[in-house]
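Encoded as structure tokens, the structure appears first; notes follow it.
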Amino acid sequence: MDDASTQPLSRDERFDACLGRLTELKAIKARREVLEERVFLEFLRANRGRINEFPLLETEQQSLMDMLLRRAEGLHGGHASIRERYSAYLLELNHYGKAKAVGDAAAQETLARRLERAETALAKCLQGAIYASSLIKDNFSDAVIRHFGEASLAKIDEITATLVFDEQYWKAYIERFIKEEVRGAYDVILADRRYKLSREGNLLVVAFPFDAVLEKLLGTAKAISKTRVQTAFEEVAASPEGRSDRDMALSVLVRAELPGWDRKADRDEALFAAHVAAMDQVVRECREDLDDDAVDETAEGGRQARLDQITALCVGAAVSLRVVREDFSRALRDFAPKERAYILQTAGTFDAARLGNVLEHVMEFDFASLLREKGEADAGRILIRSARQRRVRREAVDALAEAGLNKVRRKQFFEDDPDRADSLVFRQKNAAELEERLRLCQIEPELAKPLVGLWEAAAHKVDLYLCINLTALGKVATNLPARITELLGRYGIAPPGAPDPARARNDP
């Protein structure tokens with residue numbers, strides 16, 4: 001995964017570049033935070049030949065610095081470890097510079113070895129963060145392309161080139177893809193009268209099919225080429241050696257002394273970090289060392305140094321993931337707290353298999369937000385609800401016949417989707433209901449496992465409902481029918497028997 005066109009700087013060249021920047025900043029008495037940021041960026045660039053998938057764009061380099069030095073503070077316990085490593089590097093760089101200034105060759109070489117060890121550990125923190133953030137961006141971009149089509153590439157490239165990878169990055173995706181599509185789809189729903197009006201007790205209900213939004217998307221079924229980071233991540237899980245490397249990295253991480261970070265409390269994060277770390281060659285080298293009793297542990301680059309580097313890789317990956325999740329959450333702040341939590345839970349570690357569902361959830365909740373926005377003046381008299389069913393392709397269910405899903409069992413779990421002939425929907429509303437049905441039907445493990453897999457990977461069939469409380473509306477209206485007409489008019493909807501305001505606006 002190295003870029004062959006990038007020639008690594010020698011050890012002394014790297015040291016001189018960073019020492020020169022440090023000396024320059026000290027000479028002008030730069031504020032400490034400015035000094036740290038600029039030396040960090042110099043460090044990143046000086047080590048570009050030693051870092052796989054080095055971020056070439058200045059916005060990406062700035063993102064990395066800002067993520068690890070600023071935005072992670074108070075957010076992740078691993079931030080303290082990164083700060084300690086960076087402080088140790090600056091201290092060793094300063095000592096090395098003093099020895100070089102007085103011409104003490106012996107001391108300079110001794111300090112150079114110490115500095116190189118601190119440098120390598122810090123570089124591994126950066127490597128873990130780069131792998132993690134690159135993987136997340138690549139996975140999300142792929143999901144966008146699948147849903148919005150190949151024409152979305154230009155927008156994706158613009159966002160990547162112009163925005164730092166923070167809250168604004170995610171907001172740009174939401175604004176330029178989600179909101180634009182949702183509002184366009186809403187107009188189509190009105191024009192095609194895809195909504196349904198009904199009366200349920202004291203509620204007037206308008207049902208909107210979310211399928212109408214998804215149908216408008218110009219997605220693509222073409223295979224999307226994987227990046228080197230995506231390929232390396234998948235290869236870890238695909239081979240026994242890769243899985244052994246991942247397990248060893250997790251073991252090293254769990255045993256590492258990292259105050260303030262409870263690896264057991266967020267095991268998914270720790271597993272992700274170990275998986276990312278296993279993409280780096282040092283993990284394979286360390287595992288081989290552990291099988292070789294002849295390794296000299298005192299040698300530079302020996303066993304203990306490699307264990308420290310593995311920990312650094314994991315910390316960089318985990319801190320990056322946590323910051324990205326926080327930035328993503330902030331970009332969703334216009335959504336209701338439960339909606340935001342649901343999206344974040346679905347996103348998990350931004351695994352490629354999950355992000356299609358994440359995009360659809362964001363679109364669904366943006367549609368709900370649009371409905372709330374249109375009815376804001378009557379917020380206390382309307383309620384926006386959704387009904388969600390897990391939907392799978394009929395052929396995927398048919399394939400389970402060999403595992404024992406006969407017609408009788410099939411009816412216990414699935415029913416036809418009246419809106420799509422090629423799909424079925426789960427009868428169960430949540431995981432607890434599915435588990436209970438599996439137990440009652442005494443489904444054997446050989447069938448239960450793929451059934452649960454279908455459930456977890458399923459897309460969602462969603463209908464959104466605008467519920468108008470007629471009793472509450474009547475308390476503030478002298479003419480209830482006129483008030484209903486006025487409220488529905490804000491949505492572009494006419495009450496039964498009245499002219500369609502959406503069509504009337506389009507008539508010449």
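Residues in the structure tokens are named by chain (A, B, ... in the order shown) and by number from 1 within that chain; ligands are numbered from 1 in the order shown.
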
*asked:* Residues within 12 Å of Asp463 in chain A, please, as JSON, numbers by chain. Count only C-alpha atoms; anything in the same chain fewer than 2 positions from it doesn't count.
replied: {"A": [194, 195, 196, 205, 206, 207, 208, 209, 210, 211, 212, 213, 214, 364, 365, 367, 368, 384, 385, 386, 387, 388, 389, 390, 419, 460, 461, 465, 466]}

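Each of A:Ala118, A:Ala238, A:Ala46, A:Leu203 was checked against Gly474 in chain A using only C-alpha atoms; the smallest atom-to-atom distance is that of A:Leu203.
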
Close residues, range 157-166 of chain A itself excluded, 6 Å, only C-alpha atoms, min 2 positions apart in chain, as a PDB file with N, CA and C atoms, in the first residue's frame:
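Output below, filename out-v3.pdb:
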```pdb
ATOM      1  N   THR A  59      -6.266  20.037   3.160  1.00  0.00           N
ATOM      2  CA  THR A  59      -7.435  19.947   4.038  1.00  0.00           C
ATOM      3  C   THR A  59      -7.404  18.658   4.849  1.00  0.00           C
ATOM      4  N   SER A  63      -7.047  18.256   8.815  1.00  0.00           N
ATOM      5  CA  SER A  63      -8.043  17.456   9.526  1.00  0.00           C
ATOM      6  C   SER A  63      -7.385  16.528  10.532  1.00  0.00           C
ATOM      7  N   ALA A 154     -18.567  13.947  -8.582  1.00  0.00           N
ATOM      8  CA  ALA A 154     -18.072  15.332  -8.639  1.00  0.00           C
ATOM      9  C   ALA A 154     -18.316  16.042  -7.312  1.00  0.00           C
ATOM     10  N   LYS A 155     -19.506  15.868  -6.735  1.00  0.00           N
ATOM     11  CA  LYS A 155     -19.805  16.490  -5.441  1.00  0.00           C
ATOM     12  C   LYS A 155     -18.931  15.908  -4.341  1.00  0.00           C
ATOM     13  N   GLN A 168     -18.586  19.936   9.512  1.00  0.00           N
ATOM     14  CA  GLN A 168     -18.979  20.589   8.268  1.00  0.00           C
ATOM     15  C   GLN A 168     -18.926  19.630   7.084  1.00  0.00           C
ATOM     16  N   TYR A 169     -18.010  18.682   7.132  1.00  0.00           N
ATOM     17  CA  TYR A 169     -17.895  17.666   6.086  1.00  0.00           C
ATOM     18  C   TYR A 169     -19.193  16.860   5.998  1.00  0.00           C
ATOM     19  N   ASP A 327     -18.423  14.067  15.353  1.00  0.00           N
ATOM     20  CA  ASP A 327     -18.669  15.035  14.279  1.00  0.00           C
ATOM     21  C   ASP A 327     -19.936  14.690  13.513  1.00  0.00           C
TER      22      ASP A 327
END
```

*asked:* So that I can check the surroundings of range 273-278 of chain A, please list as a list in words every protein, DNA and RNA residue that reaches within 6 Å of it, counting only C-alpha atoms and ignoring chain neighbours fewer than 6 positions away.
replied: Asp245, Arg246, Ala249, Leu250, Leu313, Cys314, Ala317 and Ala318 of chain A

*Tell me, as a list in words, which residues lie within 9 Å of range 73-81 of chain A, counting only C-alpha atoms; anything in the same chain fewer than 3 positions away does not count.*
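Here the qualifying residues turn out to be Met67, Leu68, Leu69, Arg70, Glu84, Arg85, Tyr86, Leu258, Pro259, Gly260, Trp261, Asp262, Ala312, Val315, Gly316, Ala318, Val319, Arg322, Val323 and Glu326 of chain A.
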
*Provide the CA of Glu285 in chain A to CA of Arg48 in chain A distance in Å, to one decimal place.*
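Pair CA of Glu285 in chain A / CA of Arg48 in chain A returns 21.4 Å.
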
*asked:* Among range 408-494 of chain A, which residues does DSSP mark as strand (DSSP E or B) when it is run on the backbone? Keep the chain and numbering as in the structure and answer as a PyMOL selection string.
replied: chain A and resi 414-416+423-426+459-469

Please tabulate, as a Markdown table, the residues of range 34-99 of chain A that come within 12 Å of range 218-236 of chain A, each with its closest pair of atoms and the distance in Å to one decimal, counting only C-alpha atoms and ordering rows by chain, then residue number upward.
```
| residue | atom | partner | partner_atom | distance |
| --- | --- | --- | --- | --- |
| A:Asn52 | CA | A:Val229 | CA | 9.1 |
| A:Glu53 | CA | A:Val229 | CA | 7.7 |
| A:Phe54 | CA | A:Val229 | CA | 11.3 |
```

*Skipping near chain neighbours, those fewer than 3 positions away, what residues fall within 12 Å of Phe15 in chain A using only C-alpha atoms, listed as a ChimeraX atom specification?*
/A:9-12,18-23,39,42-47,89-90,92-97,100,108,111-116,118-120

*Contacts of range 349-354 of chain A within 6 Å, only C-alpha atoms, excl. fewer than 3 positions in-chain, as a list of chain:residue names*: A:Ile136, A:Asn139, A:Asn357

*Record the distance separating CA of Ser152 in chain A and CA of Leu217 in chain A, expressed in Å with one decimal.*
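CA of Leu217 in chain A lies at a distance of 11.1 Å from CA of Ser152 in chain A.
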
*Restricting the calculation to only C-alpha atoms, which member of A:Val425, A:Val392, A:Ala347, A:Gly404 is positioned closest to Lys449 in chain A?*
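Among the listed residues, A:Gly404 lies closest to Lys449 in chain A.
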
*asked:* Given only C-alpha atoms as the basis, pick out the residue of A:Arg14, A:Leu470, A:Ala396, A:Glu60 nearest to Glu200 in chain A.
replied: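 So, comparing all the options, the nearest one is A:Leu470.
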